[in-house]
$ cat protein29.pdb   # PDB, N, CA and C atoms
ATOM      1  N   MET A   1      -2.242 -35.243 -20.913
ATOM      2  CA  MET A   1      -1.395 -35.397 -19.759
ATOM      3  C   MET A   1      -1.870 -34.434 -18.673
ATOM      4  N   GLU A   2      -1.954 -34.886 -17.451
ATOM      5  CA  GLU A   2      -2.410 -34.089 -16.307
ATOM      6  C   GLU A   2      -1.204 -33.494 -15.582
ATOM      7  N   TYR A   3      -1.202 -32.182 -15.405
ATOM      8  CA  TYR A   3      -0.090 -31.503 -14.752
ATOM      9  C   TYR A   3      -0.426 -31.037 -13.332
ATOM     10  N   GLY A   4      -1.698 -31.066 -12.946
ATOM     11  CA  GLY A   4      -2.089 -30.618 -11.615
ATOM     12  C   GLY A   4      -1.798 -29.135 -11.426
ATOM     13  N   VAL A   5      -1.328 -28.780 -10.260
ATOM     14  CA  VAL A   5      -1.048 -27.384  -9.924
ATOM     15  C   VAL A   5       0.027 -26.801 -10.831
ATOM     16  N   LEU A   6       0.937 -27.614 -11.295
ATOM     17  CA  LEU A   6       2.023 -27.125 -12.150
ATOM     18  C   LEU A   6       1.531 -26.529 -13.456
ATOM     19  N   GLN A   7       0.307 -26.878 -13.877
ATOM     20  CA  GLN A   7      -0.187 -26.343 -15.141
ATOM     21  C   GLN A   7      -0.227 -24.819 -15.151
ATOM     22  N   TYR A   8      -0.432 -24.202 -13.969
ATOM     23  CA  TYR A   8      -0.459 -22.748 -13.890
ATOM     24  C   TYR A   8       0.924 -22.148 -14.118
ATOM     25  N   LEU A   9       1.956 -22.878 -13.753
ATOM     26  CA  LEU A   9       3.324 -22.406 -13.960
ATOM     27  C   LEU A   9       3.829 -22.744 -15.348
ATOM     28  N   ILE A  10       3.459 -23.914 -15.839
ATOM     29  CA  ILE A  10       3.941 -24.362 -17.141
ATOM     30  C   ILE A  10       3.237 -23.639 -18.279
ATOM     31  N   PHE A  11       1.936 -23.425 -18.133
ATOM     32  CA  PHE A  11       1.132 -22.815 -19.188
ATOM     33  C   PHE A  11       0.415 -21.561 -18.676
ATOM     34  N   PRO A  12       1.139 -20.534 -18.206
ATOM     35  CA  PRO A  12       0.476 -19.383 -17.591
ATOM     36  C   PRO A  12      -0.433 -18.613 -18.541
ATOM     37  N   CYS A  13      -0.095 -18.548 -19.808
ATOM     38  CA  CYS A  13      -0.900 -17.780 -20.751
ATOM     39  C   CYS A  13      -2.288 -18.374 -20.928
ATOM     40  N   GLN A  14      -2.392 -19.677 -20.792
ATOM     41  CA  GLN A  14      -3.668 -20.359 -20.942
ATOM     42  C   GLN A  14      -4.672 -19.873 -19.899
ATOM     43  N   TRP A  15      -4.180 -19.475 -18.730
ATOM     44  CA  TRP A  15      -5.066 -19.095 -17.626
ATOM     45  C   TRP A  15      -5.182 -17.586 -17.460
ATOM     46  N   ALA A  16      -4.454 -16.830 -18.264
ATOM     47  CA  ALA A  16      -4.429 -15.381 -18.088
ATOM     48  C   ALA A  16      -5.790 -14.736 -18.304
ATOM     49  N   GLY A  17      -6.605 -15.297 -19.167
ATOM     50  CA  GLY A  17      -7.915 -14.729 -19.439
ATOM     51  C   GLY A  17      -8.846 -14.769 -18.243
ATOM     52  N   SER A  18      -8.637 -15.696 -17.329
ATOM     53  CA  SER A  18      -9.530 -15.814 -16.180
ATOM     54  C   SER A  18      -9.008 -15.077 -14.947
ATOM     55  N   MET A  19      -7.868 -14.419 -15.067
ATOM     56  CA  MET A  19      -7.296 -13.708 -13.934
ATOM     57  C   MET A  19      -8.005 -12.365 -13.752
ATOM     58  N   PRO A  20      -8.134 -11.909 -12.506
ATOM     59  CA  PRO A  20      -8.784 -10.608 -12.290
ATOM     60  C   PRO A  20      -7.936  -9.468 -12.839
ATOM     61  N   LYS A  21      -8.617  -8.391 -13.200
ATOM     62  CA  LYS A  21      -7.908  -7.209 -13.694
ATOM     63  C   LYS A  21      -7.159  -6.564 -12.533
ATOM     64  N   PRO A  22      -6.000  -5.975 -12.796
ATOM     65  CA  PRO A  22      -5.243  -5.324 -11.720
ATOM     66  C   PRO A  22      -6.023  -4.136 -11.154
ATOM     67  N   ARG A  23      -5.862  -3.918  -9.862
ATOM     68  CA  ARG A  23      -6.513  -2.782  -9.206
ATOM     69  C   ARG A  23      -5.788  -1.497  -9.577
ATOM     70  N   LYS A  24      -6.547  -0.440  -9.635
ATOM     71  CA  LYS A  24      -5.955   0.848  -9.972
ATOM     72  C   LYS A  24      -5.945   1.792  -8.792
ATOM     73  N   SER A  25      -6.365   1.323  -7.611
ATOM     74  CA  SER A  25      -6.477   2.220  -6.466
ATOM     75  C   SER A  25      -5.134   2.789  -6.023
ATOM     76  N   ALA A  26      -4.036   2.157  -6.374
ATOM     77  CA  ALA A  26      -2.721   2.698  -6.014
ATOM     78  C   ALA A  26      -2.490   4.028  -6.710
ATOM     79  N   PHE A  27      -3.254   4.291  -7.757
ATOM     80  CA  PHE A  27      -3.071   5.511  -8.522
ATOM     81  C   PHE A  27      -4.178   6.533  -8.250
ATOM     82  N   GLU A  28      -5.139   6.175  -7.424
ATOM     83  CA  GLU A  28      -6.213   7.101  -7.103
ATOM     84  C   GLU A  28      -5.689   8.186  -6.173
ATOM     85  N   PRO A  29      -6.249   9.385  -6.276
ATOM     86  CA  PRO A  29      -5.771  10.505  -5.449
ATOM     87  C   PRO A  29      -5.813  10.206  -3.948
ATOM     88  N   GLU A  30      -6.821   9.491  -3.487
ATOM     89  CA  GLU A  30      -6.933   9.200  -2.059
ATOM     90  C   GLU A  30      -5.785   8.319  -1.568
ATOM     91  N   TYR A  31      -5.405   7.337  -2.368
ATOM     92  CA  TYR A  31      -4.289   6.475  -1.973
ATOM     93  C   TYR A  31      -2.987   7.275  -1.962
ATOM     94  N   ARG A  32      -2.814   8.101  -2.969
ATOM     95  CA  ARG A  32      -1.621   8.959  -3.029
ATOM     96  C   ARG A  32      -1.555   9.873  -1.804
ATOM     97  N   GLU A  33      -2.720  10.363  -1.375
ATOM     98  CA  GLU A  33      -2.786  11.235  -0.201
ATOM     99  C   GLU A  33      -2.367  10.477   1.062
ATOM    100  N   ILE A  34      -2.794   9.235   1.190
ATOM    101  CA  ILE A  34      -2.414   8.415   2.346
ATOM    102  C   ILE A  34      -0.893   8.274   2.405
ATOM    103  N   ILE A  35      -0.308   7.928   1.276
ATOM    104  CA  ILE A  35       1.145   7.741   1.237
ATOM    105  C   ILE A  35       1.862   9.065   1.478
ATOM    106  N   ALA A  36       1.333  10.151   0.941
ATOM    107  CA  ALA A  36       1.942  11.461   1.166
ATOM    108  C   ALA A  36       1.964  11.810   2.653
ATOM    109  N   HIS A  37       0.894  11.457   3.378
ATOM    110  CA  HIS A  37       0.860  11.682   4.831
ATOM    111  C   HIS A  37       1.970  10.891   5.517
ATOM    112  N   LEU A  38       2.143   9.646   5.118
ATOM    113  CA  LEU A  38       3.171   8.806   5.741
ATOM    114  C   LEU A  38       4.567   9.347   5.457
ATOM    115  N   VAL A  39       4.801   9.751   4.225
ATOM    116  CA  VAL A  39       6.113  10.298   3.848
ATOM    117  C   VAL A  39       6.383  11.593   4.610
ATOM    118  N   ALA A  40       5.380  12.450   4.694
ATOM    119  CA  ALA A  40       5.546  13.723   5.405
ATOM    120  C   ALA A  40       5.837  13.494   6.883
ATOM    121  N   ARG A  41       5.157  12.528   7.470
ATOM    122  CA  ARG A  41       5.377  12.247   8.890
ATOM    123  C   ARG A  41       6.782  11.700   9.119
ATOM    124  N   ARG A  42       7.230  10.805   8.230
ATOM    125  CA  ARG A  42       8.586  10.267   8.358
ATOM    126  C   ARG A  42       9.609  11.392   8.295
ATOM    127  N   ALA A  43       9.409  12.306   7.347
ATOM    128  CA  ALA A  43      10.324  13.447   7.206
ATOM    129  C   ALA A  43      10.250  14.357   8.436
ATOM    130  N   GLU A  44       9.040  14.570   8.940
ATOM    131  CA  GLU A  44       8.845  15.408  10.135
ATOM    132  C   GLU A  44       9.617  14.850  11.328
ATOM    133  N   LEU A  45       9.669  13.533  11.432
ATOM    134  CA  LEU A  45      10.401  12.885  12.519
ATOM    135  C   LEU A  45      11.909  12.843  12.274
ATOM    136  N   GLY A  46      12.331  13.246  11.069
ATOM    137  CA  GLY A  46      13.746  13.194  10.732
ATOM    138  C   GLY A  46      14.237  11.774  10.538
ATOM    139  N   MET A  47      13.322  10.888  10.172
ATOM    140  CA  MET A  47      13.633   9.471  10.013
ATOM    141  C   MET A  47      13.966   9.185   8.550
ATOM    142  N   THR A  48      15.040   8.474   8.310
ATOM    143  CA  THR A  48      15.400   8.083   6.943
ATOM    144  C   THR A  48      14.623   6.828   6.546
ATOM    145  N   GLN A  49      14.631   6.539   5.260
ATOM    146  CA  GLN A  49      14.017   5.296   4.788
ATOM    147  C   GLN A  49      14.720   4.086   5.397
ATOM    148  N   VAL A  50      16.022   4.175   5.565
ATOM    149  CA  VAL A  50      16.787   3.067   6.157
ATOM    150  C   VAL A  50      16.332   2.830   7.596
ATOM    151  N   GLN A  51      16.178   3.905   8.368
ATOM    152  CA  GLN A  51      15.722   3.765   9.755
ATOM    153  C   GLN A  51      14.304   3.207   9.816
ATOM    154  N   MET A  52      13.454   3.681   8.926
ATOM    155  CA  MET A  52      12.078   3.174   8.864
ATOM    156  C   MET A  52      12.087   1.688   8.536
ATOM    157  N   ALA A  53      12.888   1.308   7.571
ATOM    158  CA  ALA A  53      12.975  -0.094   7.155
ATOM    159  C   ALA A  53      13.474  -0.973   8.296
ATOM    160  N   GLU A  54      14.461  -0.502   9.044
ATOM    161  CA  GLU A  54      14.991  -1.275  10.171
ATOM    162  C   GLU A  54      13.906  -1.529  11.209
ATOM    163  N   GLN A  55      13.122  -0.505  11.513
ATOM    164  CA  GLN A  55      12.047  -0.676  12.495
ATOM    165  C   GLN A  55      10.940  -1.571  11.959
ATOM    166  N   TYR A  56      10.700  -1.495  10.654
ATOM    167  CA  TYR A  56       9.657  -2.314  10.028
ATOM    168  C   TYR A  56      10.116  -3.764   9.852
ATOM    169  N   GLY A  57      11.417  -3.947   9.705
ATOM    170  CA  GLY A  57      11.946  -5.291   9.488
ATOM    171  C   GLY A  57      12.082  -5.667   8.027
ATOM    172  N   GLU A  58      12.226  -4.659   7.195
ATOM    173  CA  GLU A  58      12.396  -4.863   5.757
ATOM    174  C   GLU A  58      13.628  -4.098   5.291
ATOM    175  N   ARG A  59      13.910  -4.213   4.006
ATOM    176  CA  ARG A  59      15.014  -3.458   3.420
ATOM    177  C   ARG A  59      14.529  -2.069   3.026
ATOM    178  N   GLN A  60      15.458  -1.150   2.861
ATOM    179  CA  GLN A  60      15.140   0.220   2.468
ATOM    180  C   GLN A  60      14.379   0.250   1.156
ATOM    181  N   ALA A  61      14.678  -0.665   0.253
ATOM    182  CA  ALA A  61      14.006  -0.703  -1.052
ATOM    183  C   ALA A  61      12.499  -0.894  -0.910
ATOM    184  N   PHE A  62      12.083  -1.609   0.128
ATOM    185  CA  PHE A  62      10.653  -1.807   0.382
ATOM    186  C   PHE A  62       9.988  -0.464   0.686
ATOM    187  N   ILE A  63      10.587   0.313   1.591
ATOM    188  CA  ILE A  63      10.034   1.619   1.957
ATOM    189  C   ILE A  63      10.015   2.528   0.733
ATOM    190  N   SER A  64      11.086   2.526  -0.013
ATOM    191  CA  SER A  64      11.176   3.343  -1.213
ATOM    192  C   SER A  64      10.084   2.984  -2.218
ATOM    193  N   SER A  65       9.862   1.707  -2.438
ATOM    194  CA  SER A  65       8.852   1.302  -3.423
ATOM    195  C   SER A  65       7.444   1.691  -2.981
ATOM    196  N   VAL A  66       7.191   1.659  -1.674
ATOM    197  CA  VAL A  66       5.896   2.115  -1.165
ATOM    198  C   VAL A  66       5.756   3.619  -1.389
ATOM    199  N   GLU A  67       6.771   4.364  -1.024
ATOM    200  CA  GLU A  67       6.713   5.814  -1.127
ATOM    201  C   GLU A  67       6.657   6.303  -2.568
ATOM    202  N   ARG A  68       7.192   5.532  -3.493
ATOM    203  CA  ARG A  68       7.146   5.900  -4.917
ATOM    204  C   ARG A  68       5.922   5.319  -5.613
ATOM    205  N   LEU A  69       5.015   4.738  -4.819
ATOM    206  CA  LEU A  69       3.762   4.160  -5.321
ATOM    207  C   LEU A  69       3.991   3.001  -6.285
ATOM    208  N   GLN A  70       5.082   2.301  -6.076
ATOM    209  CA  GLN A  70       5.352   1.120  -6.892
ATOM    210  C   GLN A  70       4.915  -0.155  -6.185
ATOM    211  N   ARG A  71       4.604  -0.037  -4.913
ATOM    212  CA  ARG A  71       4.116  -1.176  -4.138
ATOM    213  C   ARG A  71       2.998  -0.683  -3.232
ATOM    214  N   ARG A  72       1.886  -1.410  -3.250
ATOM    215  CA  ARG A  72       0.740  -1.044  -2.417
ATOM    216  C   ARG A  72       0.932  -1.539  -0.992
ATOM    217  N   LEU A  73       0.424  -0.764  -0.057
ATOM    218  CA  LEU A  73       0.367  -1.216   1.327
ATOM    219  C   LEU A  73      -0.978  -1.880   1.573
ATOM    220  N   ASP A  74      -0.959  -3.030   2.234
ATOM    221  CA  ASP A  74      -2.242  -3.582   2.659
ATOM    222  C   ASP A  74      -2.603  -2.956   3.999
ATOM    223  N   VAL A  75      -3.748  -3.303   4.543
ATOM    224  CA  VAL A  75      -4.243  -2.660   5.761
ATOM    225  C   VAL A  75      -3.287  -2.861   6.927
ATOM    226  N   TRP A  76      -2.821  -4.087   7.126
ATOM    227  CA  TRP A  76      -1.931  -4.363   8.254
ATOM    228  C   TRP A  76      -0.604  -3.631   8.098
ATOM    229  N   GLU A  77      -0.078  -3.571   6.886
ATOM    230  CA  GLU A  77       1.171  -2.844   6.649
ATOM    231  C   GLU A  77       0.981  -1.351   6.957
ATOM    232  N   PHE A  78      -0.164  -0.816   6.561
ATOM    233  CA  PHE A  78      -0.467   0.582   6.847
ATOM    234  C   PHE A  78      -0.483   0.838   8.359
ATOM    235  N   VAL A  79      -1.121  -0.057   9.096
ATOM    236  CA  VAL A  79      -1.179   0.080  10.556
ATOM    237  C   VAL A  79       0.221   0.021  11.153
ATOM    238  N   ARG A  80       1.059  -0.881  10.659
ATOM    239  CA  ARG A  80       2.438  -0.970  11.154
ATOM    240  C   ARG A  80       3.227   0.298  10.839
ATOM    241  N   PHE A  81       3.051   0.842   9.639
ATOM    242  CA  PHE A  81       3.712   2.106   9.297
ATOM    243  C   PHE A  81       3.285   3.176  10.289
ATOM    244  N   CYS A  82       1.990   3.275  10.544
ATOM    245  CA  CYS A  82       1.474   4.292  11.471
ATOM    246  C   CYS A  82       2.065   4.119  12.861
ATOM    247  N   ALA A  83       2.178   2.886  13.327
ATOM    248  CA  ALA A  83       2.738   2.644  14.659
ATOM    249  C   ALA A  83       4.192   3.116  14.725
ATOM    250  N   ILE A  84       4.966   2.806  13.708
ATOM    251  CA  ILE A  84       6.370   3.230  13.677
ATOM    252  C   ILE A  84       6.465   4.749  13.642
ATOM    253  N   LEU A  85       5.556   5.378  12.904
ATOM    254  CA  LEU A  85       5.576   6.833  12.750
ATOM    255  C   LEU A  85       4.824   7.553  13.868
ATOM    256  N   LYS A  86       4.322   6.771  14.830
ATOM    257  CA  LYS A  86       3.619   7.324  15.998
ATOM    258  C   LYS A  86       2.444   8.221  15.606
ATOM    259  N   ILE A  87       1.624   7.691  14.700
ATOM    260  CA  ILE A  87       0.399   8.393  14.328
ATOM    261  C   ILE A  87      -0.771   7.415  14.392
ATOM    262  N   ASN A  88      -1.930   7.943  14.643
ATOM    263  CA  ASN A  88      -3.143   7.144  14.688
ATOM    264  C   ASN A  88      -3.664   6.988  13.263
ATOM    265  N   PRO A  89      -3.906   5.765  12.802
ATOM    266  CA  PRO A  89      -4.429   5.587  11.440
ATOM    267  C   PRO A  89      -5.700   6.398  11.190
ATOM    268  N   GLN A  90      -6.493   6.588  12.227
ATOM    269  CA  GLN A  90      -7.732   7.362  12.099
ATOM    270  C   GLN A  90      -7.454   8.806  11.680
ATOM    271  N   ASP A  91      -6.311   9.341  12.091
ATOM    272  CA  ASP A  91      -5.967  10.718  11.731
ATOM    273  C   ASP A  91      -5.790  10.878  10.222
ATOM    274  N   ILE A  92      -5.389   9.817   9.568
ATOM    275  CA  ILE A  92      -5.222   9.850   8.110
ATOM    276  C   ILE A  92      -6.501   9.411   7.416
ATOM    277  N   LEU A  93      -7.095   8.320   7.885
ATOM    278  CA  LEU A  93      -8.257   7.759   7.204
ATOM    279  C   LEU A  93      -9.560   8.489   7.514
ATOM    280  N   GLY A  94      -9.672   9.060   8.726
ATOM    281  CA  GLY A  94     -10.909   9.731   9.121
ATOM    282  C   GLY A  94     -11.384  10.781   8.128
ATOM    283  N   PRO A  95     -10.528  11.736   7.762
ATOM    284  CA  PRO A  95     -10.961  12.743   6.790
ATOM    285  C   PRO A  95     -11.353  12.144   5.430
ATOM    286  N   LEU A  96     -10.688  11.077   5.032
ATOM    287  CA  LEU A  96     -11.038  10.435   3.760
ATOM    288  C   LEU A  96     -12.414   9.794   3.836
ATOM    289  N   PHE A  97     -12.710   9.130   4.975
ATOM    290  CA  PHE A  97     -14.025   8.529   5.155
ATOM    291  C   PHE A  97     -15.117   9.594   5.192
ATOM    292  N   GLU A  98     -14.852  10.696   5.885
ATOM    293  CA  GLU A  98     -15.834  11.781   5.957
ATOM    294  C   GLU A  98     -16.111  12.362   4.579
ATOM    295  N   HIS A  99     -15.045  12.556   3.805
ATOM    296  CA  HIS A  99     -15.194  13.086   2.449
ATOM    297  C   HIS A  99     -16.012  12.120   1.588
ATOM    298  N   GLU A 100     -15.714  10.839   1.709
ATOM    299  CA  GLU A 100     -16.439   9.819   0.941
ATOM    300  C   GLU A 100     -17.901   9.778   1.340
ATOM    301  N   ALA A 101     -18.191   9.879   2.635
ATOM    302  CA  ALA A 101     -19.578   9.848   3.115
ATOM    303  C   ALA A 101     -20.354  11.056   2.620
ATOM    304  N   ARG A 102     -19.723  12.235   2.622
ATOM    305  CA  ARG A 102     -20.391  13.441   2.111
ATOM    306  C   ARG A 102     -20.677  13.299   0.631
ATOM    307  N   GLY A 103     -19.741  12.716  -0.095
ATOM    308  CA  GLY A 103     -19.923  12.552  -1.540
ATOM    309  C   GLY A 103     -21.068  11.613  -1.875
ATOM    310  N   ARG A 104     -21.293  10.606  -1.066
ATOM    311  CA  ARG A 104     -22.359   9.640  -1.322
ATOM    312  C   ARG A 104     -23.727  10.145  -0.877
ATOM    313  N   SER A 105     -23.742  11.017   0.131
ATOM    314  CA  SER A 105     -25.027  11.488   0.636
ATOM    315  C   SER A 105     -25.544  12.700  -0.132
ATOM    316  N   GLY A 106     -24.674  13.334  -0.877
ATOM    317  CA  GLY A 106     -25.099  14.564  -1.541
ATOM    318  C   GLY A 106     -25.107  14.437  -2.967
TER     319      GLY A 106
END
$ encode --input "protein29.pdb" --output "structure tokens"
Amino acid sequence: MEYGVLQYLIFPCQWAGSMPKPRKSAFEPEYREIIAHLVARRAELGMTQVQMAEQYGERQAFISSVERLQRRLDVWEFVRFCAILKINPQDILGPLFEHEARGRSG
């Protein structure tokens, strides 16, 4: 019997072997450092998670899950966080890129 697209929902275990392995970068020190910068800036501004969420257009639980490293930020989300927190993404990412470049050249 042919199930089409539904086969992935009906028989998920059958396809689990071909799924990519989960990324671990959310647990790498550099990612933690990025989030720590965002949390520190929010606190510096005296902004609550609720206020941040309102400006972002999400619920407070979203901000909390990001800050507790339970949800990864993609690039666009990171840029939006920076805009709300009035910081240049380069100020956070620049030192990380420089550190990475030094590590590869030496």
$ closest_residue --input "protein29.pdb" --among "A:Arg42, A:Phe27, A:Phe62, A:Ile34" --to "Phe97 of chain A" --atoms "only C-alpha atoms"
A:Ile34
$ closest_residue --input "protein29.pdb" --among "A:Ile63, A:Gln70, A:Ile92, A:Ala53" --to "His37 of chain A" --atoms "only N, CA and C atoms"
A:Ile92
$ resolve_selection --input "protein29.pdb" --expression "the PyMOL selection byres (((chain A and resi 30-33 and name CA) around 12) and name CA)" --output "NGL selection string"
:A and (23-29 or 34-40 or 66-75 or 78 or 92-97 or 99-100)
$ atom_distance --input "protein29.pdb" --atom1 "atom CA of Ala43 of chain A" --atom2 "atom CA of Gln90 of chain A"
19.7 Å
$ atom_distance --input "protein29.pdb" --atom1 "atom CA of Trp76 of chain A" --atom2 "atom CA of Gly103 of chain A"
26.6 Å
$ atom_distance --input "protein29.pdb" --atom1 "atom CA of Gly57 of chain A" --atom2 "atom CA of Leu85 of chain A"
14.1 Å
$ axis_aligned_box --input "protein29.pdb" --around "segment 39-50 of chain A" --padding-each-side "5 Å" --output "JSON"
{"center_x": 10.8, "center_y": 9.1, "center_z": 8.2, "size_x": 22.0, "size_y": 22.6, "size_z": 18.7}
